[in-house]
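Asker: Before anything else, here's the structure in question.
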Amino acid sequence: MPVRKASSRIITLTTDFGLSDHYVGTMKGVILGLAPGATIVDISHDVTPFEPLDGAFTIAQAYRYFPEGAIHVVVVDPGVGTTRRAILVEAAGQFFIGPDNGVFSMIYDREPHKVLEITNAKFFRTDVSATFHGRDVFAPCAAHLAGGALPPRLGKPIADYTQLALIKPQQMARRVWSGAVLKVDRFGNLITNLHVEHLPDIRTRPFEISIGLRQIAGLADTFGACAPGELANIVGSSGYIEVIVNRGSAAEFLKCVTGSPLEITFF
């Protein structure tokens, strides 16, 4: 089904594909073949492979800086080819296309939203591979949406979409919360699901984070306030508490990955 007109709408791509293979370039080719006027923006292609939690964090930090009408394609899809659904989410005046595996959980938590299961195969490529829905389902659907297709034509509303449990900490006792690592960034910083918005006392009360068999007390003001090699907690640019090693990798030091558990105790 050809797109009816060229579009200058923004389509962003967030994947775990990396850049050493053809996958990202192929998706862009599909989009531009259907919507030649589209502006394609790469958010990241270094999401932790097979990790929807990392994808959820990555897109949630970026979408707010894009204009109304932007279309975000997120492909972190270990269930590709199975019965997991393809979905279209409308939230914050923007659109999100990807697998129903929780990768949009932080959007759901933050914004009023509507979710459609994408079922209309007229908007897919003719031969849909069981292993590359980024090319055959998500990219063409984004292009058709950019070209003027109305969301209800792509599918039907659903209410039982997948939401991840780890996006927020859970209170375990009056002064104790359990949490998790949302993302390990390229510097090895451990971005946790502890946000200053949900734990306002974190700036004024003494506390300790237990993670990877270590306990780290209090907040450092900046990376530079820590000695090289020092382990510390810091408030990152998105408001999440990060466990860091100045000029080193906290992930390597603590042997932690995306999803690793942690605990915060206030005193």
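Starting from 1 in every chain, residues are counted up; chains themselves are A, B, ... following the order of the structure tokens, and ligands are numbered from 1 as listed.
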Need to verify the contact set: Leu88 in chain A, 10 Å, only C-alpha atoms, exclusion of same-chain residues closer than 2 positions in sequence. Can you return it as a PDB file with N, CA, C and O atoms, in the first residue's frame?

Answerer:
ATOM      1  N   ILE A  71       6.793  10.487  15.565  1.00  0.00           N
ATOM      2  CA  ILE A  71       6.499   9.055  15.577  1.00  0.00           C
ATOM      3  C   ILE A  71       7.765   8.336  16.033  1.00  0.00           C
ATOM      4  O   ILE A  71       8.823   8.487  15.422  1.00  0.00           O
ATOM      5  N   HIS A  72       7.654   7.560  17.101  1.00  0.00           N
ATOM      6  CA  HIS A  72       8.809   6.887  17.687  1.00  0.00           C
ATOM      7  C   HIS A  72       8.695   5.380  17.462  1.00  0.00           C
ATOM      8  O   HIS A  72       7.749   4.755  17.945  1.00  0.00           O
ATOM      9  N   VAL A  73       9.659   4.817  16.757  1.00  0.00           N
ATOM     10  CA  VAL A  73       9.707   3.375  16.535  1.00  0.00           C
ATOM     11  C   VAL A  73      10.749   2.792  17.479  1.00  0.00           C
ATOM     12  O   VAL A  73      11.915   3.199  17.454  1.00  0.00           O
ATOM     13  N   ALA A  86       2.098  -6.498  18.080  1.00  0.00           N
ATOM     14  CA  ALA A  86       2.634  -5.204  17.657  1.00  0.00           C
ATOM     15  C   ALA A  86       1.632  -4.149  18.086  1.00  0.00           C
ATOM     16  O   ALA A  86       0.424  -4.341  17.950  1.00  0.00           O
ATOM     17  N   GLU A  90      -0.628   6.110  21.518  1.00  0.00           N
ATOM     18  CA  GLU A  90      -0.789   7.558  21.382  1.00  0.00           C
ATOM     19  C   GLU A  90      -0.657   8.177  22.773  1.00  0.00           C
ATOM     20  O   GLU A  90      -1.410   7.821  23.686  1.00  0.00           O
ATOM     21  N   ALA A  91       0.290   9.083  22.942  1.00  0.00           N
ATOM     22  CA  ALA A  91       0.514   9.725  24.240  1.00  0.00           C
ATOM     23  C   ALA A  91       1.263  11.029  24.027  1.00  0.00           C
ATOM     24  O   ALA A  91       2.128  11.116  23.150  1.00  0.00           O
ATOM     25  N   PHE A  95       3.318   9.530  18.837  1.00  0.00           N
ATOM     26  CA  PHE A  95       2.976   8.140  18.540  1.00  0.00           C
ATOM     27  C   PHE A  95       4.189   7.254  18.802  1.00  0.00           C
ATOM     28  O   PHE A  95       5.331   7.637  18.544  1.00  0.00           O
ATOM     29  N   PHE A  96       3.914   6.044  19.300  1.00  0.00           N
ATOM     30  CA  PHE A  96       4.965   5.091  19.640  1.00  0.00           C
ATOM     31  C   PHE A  96       4.593   3.735  19.044  1.00  0.00           C
ATOM     32  O   PHE A  96       3.490   3.232  19.304  1.00  0.00           O
ATOM     33  N   ILE A  97       5.502   3.173  18.264  1.00  0.00           N
ATOM     34  CA  ILE A  97       5.241   1.907  17.578  1.00  0.00           C
ATOM     35  C   ILE A  97       6.309   0.904  17.982  1.00  0.00           C
ATOM     36  O   ILE A  97       7.510   1.214  17.971  1.00  0.00           O
ATOM     37  N   GLY A  98       5.893  -0.312  18.332  1.00  0.00           N
ATOM     38  CA  GLY A  98       6.852  -1.339  18.709  1.00  0.00           C
ATOM     39  C   GLY A  98       6.154  -2.577  19.222  1.00  0.00           C
ATOM     40  O   GLY A  98       4.940  -2.726  19.082  1.00  0.00           O
ATOM     41  N   PRO A  99       6.904  -3.474  19.853  1.00  0.00           N
ATOM     42  CA  PRO A  99       6.321  -4.709  20.375  1.00  0.00           C
ATOM     43  C   PRO A  99       5.634  -4.493  21.717  1.00  0.00           C
ATOM     44  O   PRO A  99       6.018  -3.601  22.484  1.00  0.00           O
ATOM     45  N   ASP A 100       4.661  -5.314  22.007  1.00  0.00           N
ATOM     46  CA  ASP A 100       3.947  -5.261  23.289  1.00  0.00           C
ATOM     47  C   ASP A 100       4.701  -6.107  24.313  1.00  0.00           C
ATOM     48  O   ASP A 100       4.248  -7.180  24.706  1.00  0.00           O
ATOM     49  N   LYS A 114      -3.468   5.965  24.843  1.00  0.00           N
ATOM     50  CA  LYS A 114      -4.328   4.967  24.203  1.00  0.00           C
ATOM     51  C   LYS A 114      -3.418   3.970  23.503  1.00  0.00           C
ATOM     52  O   LYS A 114      -2.400   4.355  22.917  1.00  0.00           O
ATOM     53  N   VAL A 115      -3.800   2.701  23.531  1.00  0.00           N
ATOM     54  CA  VAL A 115      -2.981   1.651  22.930  1.00  0.00           C
ATOM     55  C   VAL A 115      -3.826   0.867  21.933  1.00  0.00           C
ATOM     56  O   VAL A 115      -4.937   0.435  22.247  1.00  0.00           O
ATOM     57  N   LEU A 116      -3.281   0.690  20.723  1.00  0.00           N
ATOM     58  CA  LEU A 116      -3.917  -0.123  19.690  1.00  0.00           C
ATOM     59  C   LEU A 116      -3.039  -1.331  19.391  1.00  0.00           C
ATOM     60  O   LEU A 116      -1.806  -1.203  19.327  1.00  0.00           O
ATOM     61  N   GLU A 117      -3.652  -2.485  19.199  1.00  0.00           N
ATOM     62  CA  GLU A 117      -2.920  -3.605  18.623  1.00  0.00           C
ATOM     63  C   GLU A 117      -2.921  -3.430  17.113  1.00  0.00           C
ATOM     64  O   GLU A 117      -3.976  -3.236  16.494  1.00  0.00           O
ATOM     65  N   ILE A 118      -1.751  -3.461  16.494  1.00  0.00           N
ATOM     66  CA  ILE A 118      -1.645  -3.313  15.043  1.00  0.00           C
ATOM     67  C   ILE A 118      -1.989  -4.656  14.395  1.00  0.00           C
ATOM     68  O   ILE A 118      -1.277  -5.644  14.585  1.00  0.00           O
ATOM     69  N   PHE A 138       7.032  -2.633  11.791  1.00  0.00           N
ATOM     70  CA  PHE A 138       7.098  -1.362  12.506  1.00  0.00           C
ATOM     71  C   PHE A 138       7.499  -0.198  11.601  1.00  0.00           C
ATOM     72  O   PHE A 138       6.891   0.876  11.650  1.00  0.00           O
ATOM     73  N   CYS A 141       4.616   0.696   9.101  1.00  0.00           N
ATOM     74  CA  CYS A 141       3.491   1.310   9.811  1.00  0.00           C
ATOM     75  C   CYS A 141       3.807   2.748  10.185  1.00  0.00           C
ATOM     76  O   CYS A 141       2.957   3.639  10.071  1.00  0.00           O
ATOM     77  N   ALA A 142       5.038   3.011  10.619  1.00  0.00           N
ATOM     78  CA  ALA A 142       5.441   4.389  10.934  1.00  0.00           C
ATOM     79  C   ALA A 142       5.374   5.273   9.694  1.00  0.00           C
ATOM     80  O   ALA A 142       4.908   6.420   9.747  1.00  0.00           O
ATOM     81  N   PRO A 151      -4.685   6.385  12.919  1.00  0.00           N
ATOM     82  CA  PRO A 151      -4.388   5.251  13.796  1.00  0.00           C
ATOM     83  C   PRO A 151      -5.454   4.155  13.823  1.00  0.00           C
ATOM     84  O   PRO A 151      -5.090   2.970  13.798  1.00  0.00           O
ATOM     85  N   PRO A 152      -6.771   4.480  13.844  1.00  0.00           N
ATOM     86  CA  PRO A 152      -7.753   3.396  13.898  1.00  0.00           C
ATOM     87  C   PRO A 152      -7.705   2.455  12.691  1.00  0.00           C
ATOM     88  O   PRO A 152      -8.194   1.319  12.774  1.00  0.00           O
ATOM     89  N   LEU A 154      -5.036   1.155  11.575  1.00  0.00           N
ATOM     90  CA  LEU A 154      -3.975   0.179  11.789  1.00  0.00           C
ATOM     91  C   LEU A 154      -4.399  -0.974  12.676  1.00  0.00           C
ATOM     92  O   LEU A 154      -3.813  -2.064  12.595  1.00  0.00           O
ATOM     93  N   GLY A 155      -5.387  -0.749  13.541  1.00  0.00           N
ATOM     94  CA  GLY A 155      -5.748  -1.838  14.435  1.00  0.00           C
ATOM     95  C   GLY A 155      -6.865  -1.472  15.389  1.00  0.00           C
ATOM     96  O   GLY A 155      -7.630  -0.546  15.151  1.00  0.00           O
ATOM     97  N   LYS A 156      -6.936  -2.208  16.493  1.00  0.00           N
ATOM     98  CA  LYS A 156      -8.047  -2.090  17.438  1.00  0.00           C
ATOM     99  C   LYS A 156      -7.519  -1.768  18.834  1.00  0.00           C
ATOM    100  O   LYS A 156      -6.425  -2.184  19.219  1.00  0.00           O
ATOM    101  N   PRO A 157      -8.313  -1.032  19.636  1.00  0.00           N
ATOM    102  CA  PRO A 157      -7.871  -0.690  20.991  1.00  0.00           C
ATOM    103  C   PRO A 157      -7.735  -1.934  21.867  1.00  0.00           C
ATOM    104  O   PRO A 157      -8.504  -2.887  21.754  1.00  0.00           O
TER     105      PRO A 157
END

Asker: Using only C-alpha atoms, pick whichever of A:Gly93, A:Gly81, A:Pro49, A:Gly18 has the shortest atom-to-atom distance to Phe66 in chain A.

Answerer: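 Between A:Gly93, A:Gly81, A:Pro49, A:Gly18, the residue approaching Phe66 in chain A most closely is A:Gly93.
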
Asker: Looking at A:Thr222, A:Gln163, A:Thr39, A:Thr83, which one is nearest to Asn101 in chain A, with distances taken over only C-alpha atoms?

Answerer: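 Of A:Thr222, A:Gln163, A:Thr39, A:Thr83, the one nearest Asn101 in chain A is A:Gln163, counting only C-alpha atoms.
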
Asker: Determine the nearest neighbour of Gly29 in chain A from the options A:Gly69, A:Pro206, A:Pro140, A:Gly79, counting only C-alpha atoms.

Answerer: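 Checking each candidate against Gly29 in chain A, we get A:Pro140 as the closest.
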
Asker: Quick one: everything within 8 Å of Thr58 in chain A, counting only C-alpha atoms, minus sequence neighbours fewer than 3 positions away in the same chain. Send it as a ChimeraX atom specification.

Answerer: /A:14,44,47,54-55,61-62

Asker: Write out, as an mmCIF file, in the first residue's frame, the residues just selected, with C-alpha atoms.

Answerer:
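out34.cif, written as the output of this step:
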data_model
loop_
_atom_site.group_PDB
_atom_site.id
_atom_site.type_symbol
_atom_site.label_atom_id
_atom_site.label_comp_id
_atom_site.auth_asym_id
_atom_site.auth_seq_id
_atom_site.Cartn_x
_atom_site.Cartn_y
_atom_site.Cartn_z
ATOM 1 C CA THR A 14 15.471 3.286 19.038
ATOM 2 C CA SER A 44 19.994 5.030 20.090
ATOM 3 C CA VAL A 47 20.087 -0.435 23.874
ATOM 4 C CA ASP A 54 16.608 -0.470 28.910
ATOM 5 C CA GLY A 55 14.517 0.415 25.858
ATOM 6 C CA GLN A 61 14.118 10.174 28.402
ATOM 7 C CA ALA A 62 13.984 11.336 24.781
#

Asker: Distance CA of Gly33 in chain A-CA of Val80 in chain A, one decimal place?

Answerer: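 Result for CA of Gly33 in chain A versus CA of Val80 in chain A: 23.4 Å, one decimal.
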
Asker: Write down as a PyMOL selection string the residues belonging to range 57-104 of chain A that are assigned strand (DSSP E or B) by DSSP computed on the backbone.

Answerer: chain A and resi 71-75+86-91+94-99

Asker: Have a look at CA of Asp160 in chain A and CA of Phe104 in chain A and let me know their distance in Å, one decimal.

Answerer: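 Result for CA of Asp160 in chain A versus CA of Phe104 in chain A: 13.3 Å, one decimal.
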
Asker: As a PyMOL selection string, please: the residues near Glu263 in chain A (cut-off 8 Å, only C-alpha atoms, same-chain neighbours under 3 positions excluded).

Answerer: chain A and resi 176-179+209-211

Asker: Between A:His198, A:Lys255, A:Lys183, A:Lys28, which has the minimum distance to Gln170 in chain A (counting only C-alpha atoms)?

Answerer: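 Ranked by minimum distance to Gln170 in chain A, first place goes to A:His198.
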
Asker: Find the residue from A:Gly188, A:Gly148, A:Pro78, A:Pro169 that sits nearest to Thr258 in chain A; use only C-alpha atoms when measuring.

Answerer: A:Gly188

Asker: With only C-alpha atoms as the atoms that count, which of A:Glu51, A:Thr12, A:Val103, A:Ile202 lies nearest to Tyr65 in chain A?

Answerer: A:Thr12

Asker: For range 7-11 of chain A, work out the shell of residues within 7 Å, counting only C-alpha atoms and skipping chain neighbours fewer than 5 positions away, then give it as number ranges by chain.

Answerer: A: 35-41, 70-72, 146-147

Asker: Please extract the residues of range 73-227 of chain A with a backbone DSSP assignment of helix (DSSP H, G or I) and present them as a short mmCIF file (atom, residue, chain, number, x, y, z; two decimals) with all heavy atoms, in the first residue's frame.

Answerer:
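Okay, this is what ended up in selection_35.cif:
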data_model
loop_
_atom_site.label_atom_id
_atom_site.label_comp_id
_atom_site.auth_asym_id
_atom_site.auth_seq_id
_atom_site.Cartn_x
_atom_site.Cartn_y
_atom_site.Cartn_z
N SER A 105 6.51 1.09 28.93
CA SER A 105 5.97 1.15 30.29
C SER A 105 6.14 2.51 30.95
O SER A 105 5.25 2.98 31.68
CB SER A 105 6.64 0.09 31.16
OG SER A 105 6.25 -1.21 30.77
N MET A 106 7.25 3.17 30.72
CA MET A 106 7.48 4.47 31.35
C MET A 106 6.63 5.57 30.71
O MET A 106 6.30 6.56 31.36
CB MET A 106 8.96 4.81 31.34
CG MET A 106 9.78 3.84 32.18
SD MET A 106 11.54 4.21 32.26
CE MET A 106 11.54 5.54 33.46
N ILE A 107 6.26 5.38 29.45
CA ILE A 107 5.31 6.29 28.81
C ILE A 107 3.94 6.11 29.45
O ILE A 107 3.26 7.09 29.79
CB ILE A 107 5.21 6.01 27.29
CG1 ILE A 107 6.60 6.02 26.64
CG2 ILE A 107 4.26 7.01 26.62
CD1 ILE A 107 7.31 7.33 26.68
N TYR A 108 3.52 4.85 29.63
CA TYR A 108 2.23 4.58 30.27
C TYR A 108 2.16 5.21 31.66
O TYR A 108 1.13 5.74 32.06
CB TYR A 108 2.00 3.08 30.42
CG TYR A 108 2.06 2.25 29.16
CD1 TYR A 108 2.50 0.92 29.22
CD2 TYR A 108 1.66 2.76 27.94
CE1 TYR A 108 2.56 0.14 28.08
CE2 TYR A 108 1.72 1.98 26.79
CZ TYR A 108 2.17 0.67 26.87
OH TYR A 108 2.23 -0.11 25.74
N ASP A 109 3.25 5.10 32.40
CA ASP A 109 3.28 5.59 33.77
C ASP A 109 3.23 7.11 33.83
O ASP A 109 2.70 7.68 34.78
CB ASP A 109 4.55 5.07 34.46
CG ASP A 109 4.62 5.48 35.91
OD1 ASP A 109 3.76 5.01 36.69
OD2 ASP A 109 5.51 6.27 36.28
N ARG A 110 3.72 7.75 32.80
CA ARG A 110 3.91 9.20 32.84
C ARG A 110 2.80 9.97 32.15
O ARG A 110 2.52 11.13 32.51
CB ARG A 110 5.26 9.53 32.17
CG ARG A 110 5.71 10.94 32.28
CD ARG A 110 7.07 11.10 31.64
NE ARG A 110 8.13 10.48 32.43
CZ ARG A 110 9.35 10.22 31.98
NH1 ARG A 110 9.65 10.51 30.73
NH2 ARG A 110 10.25 9.67 32.76
N ALA A 121 -2.77 -5.95 8.17
CA ALA A 121 -1.57 -6.35 7.40
C ALA A 121 -1.41 -5.55 6.12
O ALA A 121 -0.35 -5.63 5.48
CB ALA A 121 -1.65 -7.84 7.07
N LYS A 122 -2.40 -4.76 5.73
CA LYS A 122 -2.25 -3.90 4.54
C LYS A 122 -1.15 -2.86 4.75
O LYS A 122 -0.64 -2.31 3.76
CB LYS A 122 -3.58 -3.20 4.24
CG LYS A 122 -4.67 -4.13 3.75
CD LYS A 122 -5.94 -3.36 3.44
CE LYS A 122 -7.04 -4.28 2.93
NZ LYS A 122 -8.30 -3.54 2.65
N PHE A 123 -0.82 -2.59 5.99
CA PHE A 123 0.22 -1.60 6.27
C PHE A 123 1.59 -2.24 6.49
O PHE A 123 2.56 -1.54 6.79
CB PHE A 123 -0.18 -0.77 7.49
CG PHE A 123 -1.38 0.10 7.25
CD1 PHE A 123 -2.65 -0.31 7.66
CD2 PHE A 123 -1.27 1.31 6.58
CE1 PHE A 123 -3.76 0.48 7.43
CE2 PHE A 123 -2.37 2.10 6.34
CZ PHE A 123 -3.62 1.69 6.76
N HIS A 133 10.70 -7.85 12.29
CA HIS A 133 9.50 -7.02 12.25
C HIS A 133 9.83 -5.54 12.23
O HIS A 133 8.99 -4.72 11.86
CB HIS A 133 8.60 -7.36 13.44
CG HIS A 133 7.88 -8.65 13.29
ND1 HIS A 133 6.92 -9.10 14.17
CD2 HIS A 133 7.98 -9.61 12.32
CE1 HIS A 133 6.46 -10.27 13.78
NE2 HIS A 133 7.09 -10.61 12.67
N GLY A 134 11.05 -5.17 12.63
CA GLY A 134 11.46 -3.77 12.49
C GLY A 134 11.35 -3.32 11.06
O GLY A 134 10.87 -2.21 10.77
N ARG A 135 11.78 -4.15 10.14
CA ARG A 135 11.72 -3.84 8.71
C ARG A 135 10.32 -4.03 8.13
O ARG A 135 9.84 -3.18 7.36
CB ARG A 135 12.69 -4.76 7.96
CG ARG A 135 12.67 -4.61 6.43
CD ARG A 135 13.43 -5.75 5.77
NE ARG A 135 12.76 -7.04 5.98
CZ ARG A 135 13.31 -8.22 5.71
NH1 ARG A 135 14.56 -8.28 5.27
NH2 ARG A 135 12.64 -9.34 5.93
N ASP A 136 9.66 -5.12 8.51
CA ASP A 136 8.45 -5.56 7.80
C ASP A 136 7.15 -5.10 8.41
O ASP A 136 6.12 -5.09 7.73
CB ASP A 136 8.45 -7.09 7.71
CG ASP A 136 9.64 -7.64 6.94
OD1 ASP A 136 10.19 -6.90 6.11
OD2 ASP A 136 10.03 -8.79 7.18
N VAL A 137 7.15 -4.71 9.69
CA VAL A 137 5.92 -4.28 10.37
C VAL A 137 6.06 -2.86 10.92
O VAL A 137 5.31 -1.96 10.54
CB VAL A 137 5.55 -5.26 11.51
CG1 VAL A 137 4.31 -4.76 12.26
CG2 VAL A 137 5.32 -6.66 10.96
N PHE A 138 7.03 -2.63 11.79
CA PHE A 138 7.10 -1.36 12.51
C PHE A 138 7.50 -0.20 11.60
O PHE A 138 6.89 0.88 11.65
CB PHE A 138 8.06 -1.46 13.68
CG PHE A 138 7.72 -2.56 14.65
CD1 PHE A 138 8.68 -3.45 15.10
CD2 PHE A 138 6.42 -2.72 15.11
CE1 PHE A 138 8.38 -4.46 15.99
CE2 PHE A 138 6.09 -3.74 16.00
CZ PHE A 138 7.07 -4.62 16.44
N ALA A 139 8.52 -0.38 10.76
CA ALA A 139 8.96 0.71 9.88
C ALA A 139 7.87 1.10 8.88
O ALA A 139 7.57 2.30 8.73
CB ALA A 139 10.25 0.33 9.16
N PRO A 140 7.25 0.15 8.16
CA PRO A 140 6.19 0.58 7.23
C PRO A 140 4.99 1.19 7.93
O PRO A 140 4.39 2.13 7.39
CB PRO A 140 5.83 -0.72 6.49
CG PRO A 140 6.37 -1.83 7.30
CD PRO A 140 7.54 -1.27 8.02
N CYS A 141 4.62 0.70 9.10
CA CYS A 141 3.49 1.31 9.81
C CYS A 141 3.81 2.75 10.19
O CYS A 141 2.96 3.64 10.07
CB CYS A 141 3.15 0.50 11.06
SG CYS A 141 2.26 -1.04 10.72
N ALA A 142 5.04 3.01 10.62
CA ALA A 142 5.44 4.39 10.93
C ALA A 142 5.37 5.27 9.69
O ALA A 142 4.91 6.42 9.75
CB ALA A 142 6.85 4.40 11.52
N ALA A 143 5.83 4.75 8.57
CA ALA A 143 5.81 5.53 7.33
C ALA A 143 4.38 5.84 6.89
O ALA A 143 4.09 6.96 6.46
CB ALA A 143 6.55 4.76 6.23
N HIS A 144 3.50 4.86 6.99
CA HIS A 144 2.10 5.11 6.61
C HIS A 144 1.45 6.12 7.55
O HIS A 144 0.66 6.97 7.10
CB HIS A 144 1.32 3.79 6.61
CG HIS A 144 1.62 2.91 5.45
ND1 HIS A 144 1.27 3.24 4.15
CD2 HIS A 144 2.25 1.71 5.38
CE1 HIS A 144 1.68 2.28 3.33
NE2 HIS A 144 2.27 1.34 4.04
N LEU A 145 1.77 6.04 8.83
CA LEU A 145 1.24 7.01 9.78
C LEU A 145 1.75 8.40 9.43
O LEU A 145 0.99 9.38 9.44
CB LEU A 145 1.67 6.62 11.19
CG LEU A 145 0.98 7.28 12.37
CD1 LEU A 145 -0.51 6.96 12.38
CD2 LEU A 145 1.62 6.82 13.68
N ALA A 146 3.01 8.50 9.08
CA ALA A 146 3.58 9.79 8.67
C ALA A 146 2.92 10.31 7.42
O ALA A 146 2.80 11.53 7.22
CB ALA A 146 5.09 9.64 8.45
N PRO A 151 -4.68 6.38 12.92
CA PRO A 151 -4.39 5.25 13.80
C PRO A 151 -5.45 4.16 13.82
O PRO A 151 -5.09 2.97 13.80
CB PRO A 151 -4.22 5.91 15.17
CG PRO A 151 -3.68 7.27 14.84
CD PRO A 151 -4.40 7.68 13.57
N PRO A 152 -6.77 4.48 13.84
CA PRO A 152 -7.75 3.40 13.90
C PRO A 152 -7.70 2.45 12.69
O PRO A 152 -8.19 1.32 12.77
CB PRO A 152 -9.10 4.14 13.95
CG PRO A 152 -8.77 5.47 14.54
CD PRO A 152 -7.41 5.81 14.00
N ARG A 153 -7.11 2.90 11.58
CA ARG A 153 -7.01 2.01 10.42
C ARG A 153 -5.96 0.92 10.64
O ARG A 153 -5.99 -0.11 9.97
CB ARG A 153 -6.65 2.82 9.18
CG ARG A 153 -7.74 3.80 8.72
CD ARG A 153 -7.38 4.39 7.38
NE ARG A 153 -7.31 3.35 6.35
CZ ARG A 153 -6.69 3.50 5.18
NH1 ARG A 153 -6.05 4.64 4.92
NH2 ARG A 153 -6.68 2.52 4.30
N LEU A 154 -5.04 1.16 11.57
CA LEU A 154 -3.98 0.18 11.79
C LEU A 154 -4.40 -0.97 12.68
O LEU A 154 -3.81 -2.06 12.59
CB LEU A 154 -2.75 0.86 12.40
CG LEU A 154 -1.74 1.46 11.40
CD1 LEU A 154 -2.34 2.66 10.68
CD2 LEU A 154 -0.45 1.87 12.12
N PRO A 200 11.40 12.40 47.58
CA PRO A 200 11.88 13.78 47.79
C PRO A 200 12.83 13.92 48.97
O PRO A 200 13.65 14.85 49.00
CB PRO A 200 10.58 14.57 48.03
CG PRO A 200 9.57 13.54 48.46
CD PRO A 200 9.94 12.29 47.74
N ASP A 201 12.77 13.00 49.94
CA ASP A 201 13.65 13.10 51.10
C ASP A 201 15.10 12.76 50.77
O ASP A 201 15.99 12.95 51.62
CB ASP A 201 13.17 12.16 52.22
CG ASP A 201 11.88 12.62 52.87
OD1 ASP A 201 11.48 13.77 52.61
OD2 ASP A 201 11.27 11.84 53.61
N ILE A 202 15.33 12.29 49.57
CA ILE A 202 16.67 11.80 49.24
C ILE A 202 17.72 12.92 49.27
O ILE A 202 18.91 12.66 49.46
CB ILE A 202 16.65 11.09 47.87
CG1 ILE A 202 17.78 10.05 47.80
CG2 ILE A 202 16.71 12.07 46.71
CD1 ILE A 202 17.60 9.02 46.71
N ARG A 203 17.29 14.16 49.11
CA ARG A 203 18.24 15.28 49.12
C ARG A 203 18.49 15.81 50.54
O ARG A 203 19.43 16.59 50.75
CB ARG A 203 17.73 16.42 48.24
CG ARG A 203 17.69 16.10 46.76
CD ARG A 203 17.37 17.35 45.97
NE ARG A 203 17.17 17.12 44.55
CZ ARG A 203 18.15 17.08 43.65
NH1 ARG A 203 19.40 17.24 44.03
NH2 ARG A 203 17.88 16.88 42.37
N PHE A 223 30.30 14.53 39.52
CA PHE A 223 31.34 13.53 39.31
C PHE A 223 32.69 14.06 39.83
O PHE A 223 33.46 13.33 40.45
CB PHE A 223 31.47 13.21 37.82
CG PHE A 223 30.33 12.40 37.27
CD1 PHE A 223 29.23 13.03 36.71
CD2 PHE A 223 30.36 11.01 37.29
CE1 PHE A 223 28.18 12.29 36.20
CE2 PHE A 223 29.31 10.27 36.79
CZ PHE A 223 28.22 10.91 36.24
N GLY A 224 32.96 15.33 39.55
CA GLY A 224 34.24 15.91 39.92
C GLY A 224 34.46 16.03 41.41
O GLY A 224 35.59 16.22 41.86
N ALA A 225 33.36 15.94 42.19
CA ALA A 225 33.50 15.99 43.65
C ALA A 225 34.02 14.67 44.22
O ALA A 225 34.36 14.61 45.41
CB ALA A 225 32.16 16.33 44.29
#

Asker: Could you check how far CA of His45 in chain A sits from CA of Asp16 in chain A, in Å to one decimal?

Answerer: 5.1 Å
